[in-house]
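Novice: So I've got this file, structure.tsv, and it contains TSV, C-alpha atoms:
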```tsv
chain	number	residue	atom	x	y	z
S	1	MET	CA	0.00	0.00	0.00
S	2	ALA	CA	1.43	3.39	-0.94
S	3	ASP	CA	2.01	5.91	1.80
S	4	THR	CA	-0.24	8.48	0.09
S	5	VAL	CA	-3.43	6.45	0.60
S	6	PHE	CA	-3.26	6.63	4.39
S	7	THR	CA	-5.62	9.04	6.09
S	8	ALA	CA	-4.34	12.06	8.01
S	9	PRO	CA	-5.10	10.49	11.44
S	10	GLN	CA	-3.23	7.34	10.41
S	11	ARG	CA	-0.22	9.36	9.34
S	12	LEU	CA	-0.34	11.33	12.58
S	13	ARG	CA	-0.38	8.16	14.67
S	14	ARG	CA	2.61	6.78	12.79
S	15	LEU	CA	4.49	10.05	13.23
S	16	SER	CA	3.74	10.22	16.96
S	17	ALA	CA	4.99	6.65	17.40
S	18	ALA	CA	8.29	7.52	15.70
S	19	LEU	CA	8.86	10.91	17.38
S	20	PRO	CA	10.68	9.59	20.50
S	21	PHE	CA	13.44	8.37	18.18
S	22	TRP	CA	13.87	11.98	16.99
S	23	LEU	CA	15.12	13.11	20.40
S	24	SER	CA	18.64	13.20	18.98
S	25	LEU	CA	17.73	16.51	17.30
S	26	LEU	CA	17.62	18.14	20.74
S	27	LEU	CA	21.41	17.70	20.93
S	28	VAL	CA	21.86	20.25	18.12
S	29	PRO	CA	20.60	23.30	20.08
S	30	VAL	CA	22.43	21.99	23.16
S	31	ALA	CA	25.69	21.97	21.15
S	32	ILE	CA	25.08	25.46	19.77
S	33	PHE	CA	24.20	26.86	23.20
S	34	SER	CA	27.22	25.26	24.88
S	35	ALA	CA	29.52	26.74	22.21
S	36	TRP	CA	27.99	30.17	22.78
S	37	ALA	CA	27.98	29.98	26.60
S	38	GLY	CA	31.38	28.34	27.09
S	39	GLY	CA	32.72	27.49	30.52
S	40	TRP	CA	31.05	24.66	32.40
S	41	TRP	CA	28.21	24.68	29.89
S	42	LEU	CA	30.55	22.86	27.51
S	43	LEU	CA	29.98	19.72	29.57
S	44	SER	CA	26.28	19.78	28.69
S	45	LEU	CA	26.73	17.54	25.63
S	46	PRO	CA	28.28	14.51	27.37
S	47	LEU	CA	26.04	15.09	30.39
S	48	THR	CA	22.95	15.13	28.19
S	49	THR	CA	23.78	11.95	26.28
S	50	TRP	CA	25.15	9.99	29.23
S	51	TRP	CA	23.39	11.26	32.34
S	52	LEU	CA	20.12	12.75	31.13
S	53	PHE	CA	19.13	9.63	29.24
S	54	THR	CA	20.19	7.52	32.20
S	55	ALA	CA	17.81	9.57	34.35
S	56	LEU	CA	15.08	9.21	31.72
S	57	ASP	CA	15.67	5.45	31.75
S	58	ALA	CA	15.02	5.45	35.49
S	59	ILE	CA	11.82	7.43	34.95
S	60	PHE	CA	10.41	5.57	31.94
S	61	GLY	CA	11.73	2.12	32.78
S	62	ASP	CA	11.76	-0.80	30.35
S	63	PHE	CA	9.90	-1.31	27.11
S	64	GLY	CA	9.58	-4.93	26.08
S	65	GLU	CA	6.82	-4.82	23.48
S	66	ASN	CA	7.64	-6.01	19.98
S	67	ALA	CA	6.48	-4.60	16.67
S	68	ASP	CA	5.25	-6.92	13.97
S	69	PRO	CA	8.46	-7.89	12.10
S	70	GLU	CA	6.45	-8.10	8.88
S	71	THR	CA	5.57	-4.39	9.01
S	72	GLY	CA	5.99	-2.87	5.55
S	73	GLU	CA	8.36	-0.09	4.52
S	74	GLN	CA	5.46	2.30	4.02
S	75	ASP	CA	4.78	2.18	7.78
S	76	LEU	CA	8.38	3.01	8.67
S	77	PHE	CA	8.78	6.30	6.81
S	78	TRP	CA	9.07	8.51	9.89
S	79	TYR	CA	11.53	6.11	11.53
S	80	ARG	CA	13.72	5.96	8.44
S	81	LEU	CA	13.61	9.72	7.87
S	82	ILE	CA	15.57	10.64	11.00
S	83	THR	CA	18.48	8.46	9.90
S	84	ILE	CA	18.35	9.86	6.36
S	85	ILE	CA	18.39	13.55	7.36
S	86	TRP	CA	21.02	13.17	10.06
S	87	PHE	CA	24.14	13.46	7.89
S	88	PRO	CA	23.41	16.99	6.58
S	89	ILE	CA	22.46	18.05	10.12
S	90	GLN	CA	25.65	16.65	11.64
S	91	PHE	CA	27.75	18.04	8.78
S	92	ALA	CA	26.34	21.55	9.25
S	93	LEU	CA	26.78	21.39	13.03
S	94	LEU	CA	30.32	20.01	12.87
S	95	PHE	CA	31.67	22.48	10.34
S	96	GLY	CA	29.65	25.36	11.74
S	97	LEU	CA	31.28	24.79	15.11
S	98	LEU	CA	34.68	24.39	13.43
S	99	ILE	CA	34.34	27.77	11.72
S	100	TRP	CA	33.13	29.37	14.98
S	101	ALA	CA	35.85	27.88	17.19
S	102	SER	CA	38.77	28.24	14.75
S	103	ASN	CA	38.12	31.84	13.80
S	104	SER	CA	37.11	33.24	17.15
S	105	ASP	CA	38.90	34.02	20.42
S	106	TYR	CA	35.65	33.71	22.36
S	107	LEU	CA	36.65	30.30	23.74
S	108	SER	CA	39.99	29.35	25.25
S	109	ALA	CA	42.05	26.54	23.75
S	110	LEU	CA	40.90	24.14	26.46
S	111	GLU	CA	37.28	25.14	25.99
S	112	LYS	CA	37.53	24.45	22.26
S	113	ILE	CA	38.93	20.98	22.89
S	114	VAL	CA	36.15	20.25	25.39
S	115	LEU	CA	33.58	21.51	22.89
S	116	PHE	CA	34.81	19.12	20.22
S	117	PHE	CA	34.99	16.29	22.70
S	118	GLY	CA	31.27	16.94	23.12
S	119	MET	CA	30.84	17.10	19.34
S	120	GLY	CA	32.55	13.72	19.14
S	121	VAL	CA	30.06	12.34	21.63
S	122	ILE	CA	27.31	13.37	19.20
S	123	SER	CA	29.19	11.94	16.20
S	124	GLY	CA	29.76	8.68	18.05
S	125	THR	CA	26.52	8.25	19.95
S	126	ILE	CA	24.22	9.42	17.16
S	127	GLY	CA	26.17	9.62	13.90
S	128	ILE	CA	27.85	6.22	14.06
S	129	VAL	CA	24.72	4.50	15.39
S	130	TYR	CA	22.71	5.93	12.50
S	131	ALA	CA	25.49	4.98	10.08
S	132	HIS	CA	25.29	1.45	11.43
S	133	GLU	CA	21.58	1.37	10.62
S	134	LEU	CA	22.13	2.83	7.16
S	135	MET	CA	24.97	0.53	6.11
S	136	HIS	CA	22.77	-2.53	6.66
S	137	GLN	CA	20.15	-1.37	4.15
S	138	LYS	CA	19.83	-2.27	0.48
S	139	SER	CA	19.23	1.30	-0.65
S	140	ARG	CA	22.30	2.78	-2.34
S	141	THR	CA	21.42	6.22	-0.98
S	142	GLU	CA	21.24	4.98	2.60
S	143	ARG	CA	24.52	3.10	2.30
S	144	TRP	CA	26.21	6.22	0.91
S	145	LEU	CA	24.88	8.29	3.80
S	146	GLY	CA	26.33	5.69	6.15
S	147	ASP	CA	29.69	5.95	4.38
S	148	LEU	CA	29.65	9.74	4.71
S	149	LEU	CA	28.91	9.57	8.42
S	150	MET	CA	31.72	7.07	9.01
S	151	ALA	CA	34.16	9.11	6.91
S	152	SER	CA	33.37	12.18	9.01
S	153	VAL	CA	34.97	10.38	11.98
S	154	LEU	CA	37.76	8.77	9.91
S	155	TYR	CA	36.51	5.24	10.58
S	156	SER	CA	35.15	4.23	7.19
S	157	HIS	CA	36.56	0.71	7.32
S	158	PHE	CA	34.05	-0.03	10.07
S	159	ARG	CA	31.50	-0.86	7.34
S	160	SER	CA	33.69	-3.58	5.81
S	161	GLU	CA	34.71	-5.02	9.15
S	162	HIS	CA	31.17	-4.94	10.51
S	163	LEU	CA	29.35	-6.40	7.52
S	164	LEU	CA	31.97	-8.88	6.33
S	165	GLY	CA	33.69	-9.77	9.59
S	166	HIS	CA	31.82	-9.00	12.79
S	167	HIS	CA	28.47	-10.47	11.78
S	168	ARG	CA	30.15	-13.62	10.51
S	169	TYR	CA	32.67	-14.19	13.29
S	170	VAL	CA	31.04	-12.60	16.36
S	171	GLY	CA	31.70	-14.60	19.51
S	172	THR	CA	34.75	-16.37	18.04
S	173	PRO	CA	38.51	-15.71	18.16
S	174	LYS	CA	38.35	-14.44	14.58
S	175	ASP	CA	36.28	-11.43	15.59
S	176	PRO	CA	38.46	-8.56	16.84
S	177	VAL	CA	35.39	-6.75	18.17
S	178	THR	CA	34.25	-9.44	20.60
S	179	ALA	CA	35.70	-8.47	23.98
S	180	ARG	CA	37.26	-11.44	25.76
S	181	TYR	CA	36.39	-12.52	29.28
S	182	ASN	CA	38.52	-10.51	31.75
S	183	GLU	CA	39.78	-8.21	28.96
S	184	GLY	CA	39.54	-4.64	30.25
S	185	PHE	CA	38.40	-1.88	27.94
S	186	HIS	CA	41.78	-0.12	28.09
S	187	ARG	CA	43.40	-3.25	26.61
S	188	PHE	CA	40.53	-3.86	24.23
S	189	PHE	CA	40.52	-0.36	22.70
S	190	PRO	CA	44.05	-0.18	21.24
S	191	ARG	CA	43.82	-3.81	20.14
S	192	VAL	CA	40.57	-3.36	18.25
S	193	LEU	CA	41.78	-0.17	16.56
S	194	TRP	CA	44.47	-1.90	14.55
S	195	GLN	CA	42.98	-5.38	14.34
S	196	SER	CA	39.66	-4.17	12.93
S	197	LEU	CA	41.45	-2.10	10.28
S	198	ILE	CA	43.62	-5.04	9.20
S	199	SER	CA	40.67	-7.41	9.31
S	200	ALA	CA	38.49	-5.07	7.22
S	201	PHE	CA	41.17	-4.73	4.55
S	202	HIS	CA	41.69	-8.50	4.51
S	203	HIS	CA	37.98	-9.16	3.97
S	204	GLU	CA	37.80	-6.76	1.01
S	205	LYS	CA	41.03	-8.11	-0.45
S	206	ALA	CA	39.72	-11.68	-0.15
S	207	MET	CA	36.45	-10.75	-1.87
S	208	LEU	CA	38.36	-9.22	-4.77
S	209	ALA	CA	40.67	-12.26	-4.98
S	210	ARG	CA	37.64	-14.54	-5.36
S	211	LYS	CA	36.72	-12.46	-8.41
S	212	GLY	CA	40.25	-12.71	-9.77
S	213	LEU	CA	41.01	-9.05	-8.99
S	214	PRO	CA	43.97	-7.49	-7.11
S	215	TRP	CA	43.42	-5.53	-3.89
S	216	PHE	CA	44.15	-2.25	-5.66
S	217	ASP	CA	41.29	-2.69	-8.12
S	218	ARG	CA	39.11	0.42	-8.30
S	219	SER	CA	36.13	-1.55	-6.93
S	220	ASN	CA	37.86	-1.90	-3.55
S	221	PRO	CA	35.75	0.34	-1.24
S	222	PHE	CA	38.90	1.37	0.61
S	223	TRP	CA	39.60	3.82	-2.25
S	224	ARG	CA	36.24	5.45	-1.50
S	225	TYR	CA	36.94	5.35	2.23
S	226	TRP	CA	40.32	7.06	1.83
S	227	LEU	CA	38.99	9.66	-0.61
S	228	LEU	CA	36.07	10.63	1.61
S	229	GLU	CA	38.25	10.81	4.72
S	230	ALA	CA	40.84	12.94	2.89
S	231	GLY	CA	38.01	15.21	1.77
S	232	PHE	CA	36.82	15.76	5.33
S	233	LEU	CA	40.37	16.42	6.56
S	234	PHE	CA	40.98	18.91	3.75
S	235	LEU	CA	37.69	20.69	4.45
S	236	ALA	CA	38.52	20.96	8.16
S	237	LEU	CA	41.92	22.42	7.26
S	238	LEU	CA	40.32	24.79	4.77
S	239	VAL	CA	37.73	26.26	7.13
S	240	GLY	CA	39.75	26.20	10.33
S	241	GLY	CA	43.44	25.96	9.50
S	242	TRP	CA	45.66	23.73	11.56
S	243	TRP	CA	43.66	24.47	14.68
S	244	GLY	CA	40.48	23.43	12.88
S	245	LEU	CA	42.16	20.20	11.75
S	246	LEU	CA	43.16	19.43	15.33
S	247	LEU	CA	39.64	20.01	16.60
S	248	PHE	CA	38.25	17.80	13.84
S	249	LEU	CA	40.61	15.03	14.94
S	250	VAL	CA	39.47	15.46	18.56
S	251	GLN	CA	35.84	14.86	17.57
S	252	ALA	CA	36.77	11.92	15.32
S	253	PHE	CA	38.82	10.20	18.02
S	254	THR	CA	36.08	10.77	20.60
S	255	ALA	CA	33.47	9.27	18.26
S	256	ILE	CA	35.63	6.18	17.63
S	257	TRP	CA	36.25	5.79	21.36
S	258	GLN	CA	32.50	6.02	21.96
S	259	LEU	CA	31.81	3.40	19.28
S	260	GLU	CA	34.31	0.92	20.65
S	261	LEU	CA	33.00	1.41	24.19
S	262	VAL	CA	29.62	0.24	22.94
S	263	ASN	CA	31.20	-2.62	20.98
S	264	TYR	CA	32.99	-3.69	24.14
S	265	VAL	CA	29.74	-3.87	26.11
S	266	GLU	CA	27.67	-5.56	23.41
S	267	HIS	CA	29.47	-8.93	23.41
S	268	TYR	CA	31.74	-8.96	26.47
S	269	GLY	CA	32.60	-12.54	27.43
S	270	LEU	CA	29.97	-14.14	25.18
S	271	THR	CA	31.21	-16.91	22.92
S	272	ARG	CA	29.72	-19.27	20.39
S	273	LYS	CA	30.26	-22.96	21.08
S	274	HIS	CA	33.15	-24.48	19.17
S	275	LEU	CA	31.97	-27.51	17.18
S	276	GLY	CA	35.41	-28.70	16.12
S	277	GLY	CA	37.34	-28.31	12.89
S	278	GLY	CA	37.37	-24.54	13.25
S	279	LYS	CA	33.56	-24.37	13.08
S	280	TYR	CA	31.23	-22.65	15.52
S	281	GLU	CA	27.53	-22.87	16.20
S	282	PRO	CA	25.30	-20.40	14.30
S	283	VAL	CA	24.79	-16.92	15.74
S	284	ARG	CA	21.83	-16.90	18.10
S	285	PRO	CA	20.14	-14.20	20.19
S	286	ARG	CA	22.07	-15.33	23.26
S	287	HIS	CA	25.37	-14.04	21.82
S	288	SER	CA	24.72	-10.34	22.54
S	289	TRP	CA	23.97	-8.30	25.65
S	290	ASN	CA	20.66	-6.45	25.55
S	291	SER	CA	18.91	-3.73	27.45
S	292	ALA	CA	15.20	-2.95	27.32
S	293	ARG	CA	15.61	0.52	28.85
S	294	ARG	CA	13.20	2.76	27.00
S	295	ALA	CA	14.88	6.18	26.82
S	296	SER	CA	18.36	4.99	25.86
S	297	ASN	CA	16.78	2.87	23.14
S	298	TRP	CA	15.13	6.04	21.85
S	299	LEU	CA	18.54	7.71	21.76
S	300	LEU	CA	20.29	4.70	20.21
S	301	ILE	CA	17.42	3.73	17.86
S	302	ASN	CA	17.02	0.30	19.47
S	303	LEU	CA	20.69	-0.61	19.22
S	304	GLN	CA	20.31	-2.21	22.64
S	305	ARG	CA	18.07	-4.86	21.07
S	306	HIS	CA	21.34	-6.17	19.78
S	307	SER	CA	20.54	-9.87	19.89
S	308	ASP	CA	17.85	-9.52	17.26
S	309	HIS	CA	20.11	-7.33	15.15
S	310	HIS	CA	22.66	-10.16	14.93
S	311	TYR	CA	19.91	-12.70	14.39
S	312	LYS	CA	18.27	-10.64	11.61
S	313	PRO	CA	20.92	-8.10	10.47
S	314	ASN	CA	18.79	-6.47	7.77
S	315	ARG	CA	15.80	-5.80	10.03
S	316	ARG	CA	15.19	-2.07	10.44
S	317	PHE	CA	15.52	-0.67	13.93
S	318	PRO	CA	11.78	-0.16	14.71
S	319	LEU	CA	11.18	-3.86	14.09
S	320	LEU	CA	13.98	-5.28	16.25
S	321	GLN	CA	12.60	-7.74	18.78
S	322	ASN	CA	13.10	-7.86	22.52
S	323	TYR	CA	14.04	-11.15	24.23
S	324	SER	CA	13.46	-12.60	27.67
S	325	GLU	CA	16.28	-13.68	29.99
S	326	ARG	CA	15.78	-17.28	28.88
S	327	GLU	CA	16.41	-16.31	25.25
S	328	ALA	CA	19.21	-13.74	25.55
S	329	PRO	CA	21.30	-12.09	28.29
S	330	ASN	CA	19.84	-8.78	29.47
S	331	LEU	CA	21.57	-5.93	31.26
S	332	PRO	CA	19.91	-4.09	34.15
S	333	TYR	CA	20.94	-0.69	32.80
S	334	GLY	CA	21.15	0.99	29.44
S	335	TYR	CA	24.35	1.27	27.43
S	336	PRO	CA	25.11	4.80	28.78
S	337	VAL	CA	25.56	3.39	32.30
S	338	MET	CA	27.29	0.22	31.14
S	339	THR	CA	29.82	2.08	28.97
S	340	MET	CA	30.73	4.35	31.89
S	341	MET	CA	31.17	1.26	34.05
S	342	ALA	CA	33.42	-0.27	31.37
S	343	LEU	CA	35.87	2.62	31.87
S	344	MET	CA	36.56	1.22	35.37
S	345	PRO	CA	37.81	-2.35	34.70
S	346	PRO	CA	37.85	-3.58	38.34
S	347	LEU	CA	34.24	-2.47	38.80
S	348	TRP	CA	33.28	-3.88	35.41
S	349	ARG	CA	34.79	-7.30	36.12
S	350	ARG	CA	33.26	-7.44	39.59
S	351	TYR	CA	29.84	-6.69	38.13
S	352	MET	CA	29.91	-8.47	34.76
S	353	ASN	CA	32.05	-11.58	35.29
S	354	PRO	CA	29.44	-13.27	37.50
S	355	LYS	CA	26.85	-12.53	34.80
S	356	VAL	CA	29.07	-14.16	32.18
S	357	ARG	CA	29.52	-17.23	34.38
S	358	LYS	CA	25.77	-17.40	34.94
S	359	TRP	CA	25.27	-17.14	31.15
S	360	ARG	CA	27.70	-20.02	30.61
S	361	ALA	CA	25.96	-22.22	33.15
S	362	MET	CA	22.55	-21.45	31.65
S	363	TYR	CA	23.33	-22.04	27.98
S	364	TYR	CA	26.39	-24.33	27.99
S	365	PRO	CA	26.32	-26.53	31.09
S	366	GLU	CA	28.11	-29.26	29.12
S	367	ILE	CA	31.28	-27.14	28.73
S	368	THR	CA	33.48	-27.68	31.77
S	369	ASP	CA	36.72	-26.13	30.52
S	370	TRP	CA	36.36	-22.49	29.49
S	371	GLU	CA	40.08	-21.79	29.45
S	372	PRO	CA	40.39	-21.93	25.62
S	373	TYR	CA	37.58	-19.38	25.36
S	374	LYS	CA	39.08	-17.13	28.03
S	375	THR	CA	42.56	-17.04	26.54
S	376	ALA	CA	41.65	-17.01	22.83
S	377	SER	CA	43.64	-14.56	20.78
S	378	ASN	CA	42.32	-12.67	17.78
S	379	PRO	CA	43.99	-14.08	14.66
S	380	MET	CA	43.11	-12.49	11.37
S	381	PRO	CA	40.60	-14.52	9.29
S	382	ARG	CA	42.21	-16.69	6.65
```
Any chance you could put this one into structure tokens?
Specialist:
Amino acid sequence: MADTVFTAPQRLRRLSAALPFWLSLLLVPVAIFSAWAGGWWLLSLPLTTWWLFTALDAIFGDFGENADPETGEQDLFWYRLITIIWFPIQFALLFGLLIWASNSDYLSALEKIVLFFGMGVISGTIGIVYAHELMHQKSRTERWLGDLLMASVLYSHFRSEHLLGHHRYVGTPKDPVTARYNEGFHRFFPRVLWQSLISAFHHEKAMLARKGLPWFDRSNPFWRYWLLEAGFLFLALLVGGWWGLLLFLVQAFTAIWQLELVNYVEHYGLTRKHLGGGKYEPVRPRHSWNSARRASNWLLINLQRHSDHHYKPNRRFPLLQNYSEREAPNLPYGYPVMTMMALMPPLWRRYMNPKVRKWRAMYYPEITDWEPYKTASNPMPR
């Protein structure tokens, strides 16, 4: 059924249902105000994304209802639209702030760095999450928008690693992004930075080799990745000089750090059963940590329903399903709280390791020796 045949009340109901997922737009005026006000107001961006939505989670609680997974595209227009319009919004905000900060003495050097740390929180919490949604779609336009968002934080290879590597190897030693049991975030982060880049390039090179093409063939998406990233760096240098380039790098690094914090939480300690001969059981909902917290799922467009995303990778975010504790491991807090906890490894291990052991006993009581899973390294796929 075409969207145009729906009545006005029907359209209004569909819009009102999607509006909570548009809360990310509120971060734009917060960013502009903090840049204008300076001082302690510059902390408003991280405080809004981390603490405000944590407070809203406490107020609104959990949301476990599931949409009909067979819902048609025509019913998802307002959900899809926020992800489609986000790139031009983020682009205008990022380079508007770059021009303001680089060509003005209104803010001190430290204030400018803090401002672009906050901008990186937006790029990572919103931009990369939306890019993740877009890169999974069949639409060429949506995939390009995802590429542009990832290039704006200099992490374009994430698409290749995520689509070709992570979804295939999650929960195995071949997946750099699966955090190992007892592996602290501060060890995980530098490891995943270089391993995911190498792994992504390997996957694209292997795909080209299967077609009888060399890695440097023009169809290798890394050429597009490098060109787009160079374009963003040049534009930052053009509008803000060397200071503008530095601030751009601050936001890019912050966004990547934010992404990998979430990656760390999503699969910490969860492994697929080894079946022998280098083979593992199929990916199931139990191989991702979930949270049903309502407000943070608004902010993260249901990213916290991560089990269903891995089970049905092409399912759009409004249709992702929630699972009970018997079907998939659930966290008591949203990702904002869990990522902050991950920054304190002793606290994280004290809180999460018993949950991992409980998960093992629930799903794999037949496995008595977990040492190979605990100590597994991350070899590159062959």
Novice: Quick one: of S:Tyr155, S:Thr178, S:Trp22, S:Gly184, who's nearest to Leu197 of chain S, counting all atoms listed in the file?
Specialist: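 Smallest separation from Leu197 of chain S among the options: S:Tyr155.
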Novice: Tell me, in Å to one decimal, how far atom CA of Arg180 of chain S is from atom CA of Ala295 of chain S.
Specialist: 28.5 Å
Novice: If you take all atoms listed in the file and a cut-off of 10 Å, which residues of segment 110-164 of chain S touch segment 315-332 of chain S, and what are their nearest atom pairs and distances in Å to one decimal, in chain and number order, as CSV?
Specialist:
```
residue,atom,partner,partner_atom,distance
S:Tyr130,CA,S:Phe317,CA,9.9
S:Glu133,CA,S:Phe317,CA,7.2
S:Leu134,CA,S:Arg316,CA,9.1
S:His136,CA,S:Arg315,CA,8.4
S:Gln137,CA,S:Arg316,CA,8.0
```
Novice: Pull C-alpha atoms from the residues just selected and write them as a PDB file, in the coordinates of the input.
Specialist:
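In the end it all went to result.pdb:
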```
ATOM      1  CA  TYR S 130      22.710   5.930  12.500  1.00  0.00           C
ATOM      2  CA  GLU S 133      21.580   1.370  10.620  1.00  0.00           C
ATOM      3  CA  LEU S 134      22.130   2.830   7.160  1.00  0.00           C
ATOM      4  CA  HIS S 136      22.770  -2.530   6.660  1.00  0.00           C
ATOM      5  CA  GLN S 137      20.150  -1.370   4.150  1.00  0.00           C
TER       6      GLN S 137
END
```
Novice: By how many Å are atom CA of Asp147 of chain S and atom CA of Leu228 of chain S apart?
Specialist: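 Result for atom CA of Asp147 of chain S versus atom CA of Leu228 of chain S: 8.4 Å, one decimal.
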Novice: Near Trp257 of chain S, counting all atoms listed in the file, which residues have an atom at most 12 Å away, once you skip same-chain residues fewer than 4 positions from it, shown as a list in words?
Specialist: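 The filter keeps Phe117, Gly120, Val121, Ile122, Ser123, Gly124, Thr125, Ile128, Val153, Leu154, Tyr155, Phe185, His186, Phe188, Phe189, Pro190, Val192, Leu193, Val250, Gln251, Ala252, Phe253, Leu261, Val262, Asn263, Tyr264, Thr339, Met340 and Leu343 of chain S.
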Novice: What does the distance between atom CA of Thr49 of chain S and atom CA of Arg349 of chain S come to in Å, to one decimal place?
Specialist: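 Computing the Euclidean distance for atom CA of Thr49 of chain S and atom CA of Arg349 of chain S yields 24.3 Å.
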Novice: Between S:Leu45, S:Ile301, S:Leu270, S:Ala200, which one has atoms that come closest to Tyr364 of chain S, using only C-alpha atoms?
Specialist: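 For Tyr364 of chain S, the nearest of the given residues is S:Leu270.
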Novice: Check the smallest atom-to-atom distance from each of S:Leu98, S:Ala35, S:Ala179, S:Ala206 to Trp289 of chain S using all atoms listed in the file, then report the winner.
Specialist: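 Checking each candidate against Trp289 of chain S, we get S:Ala179 as the closest.
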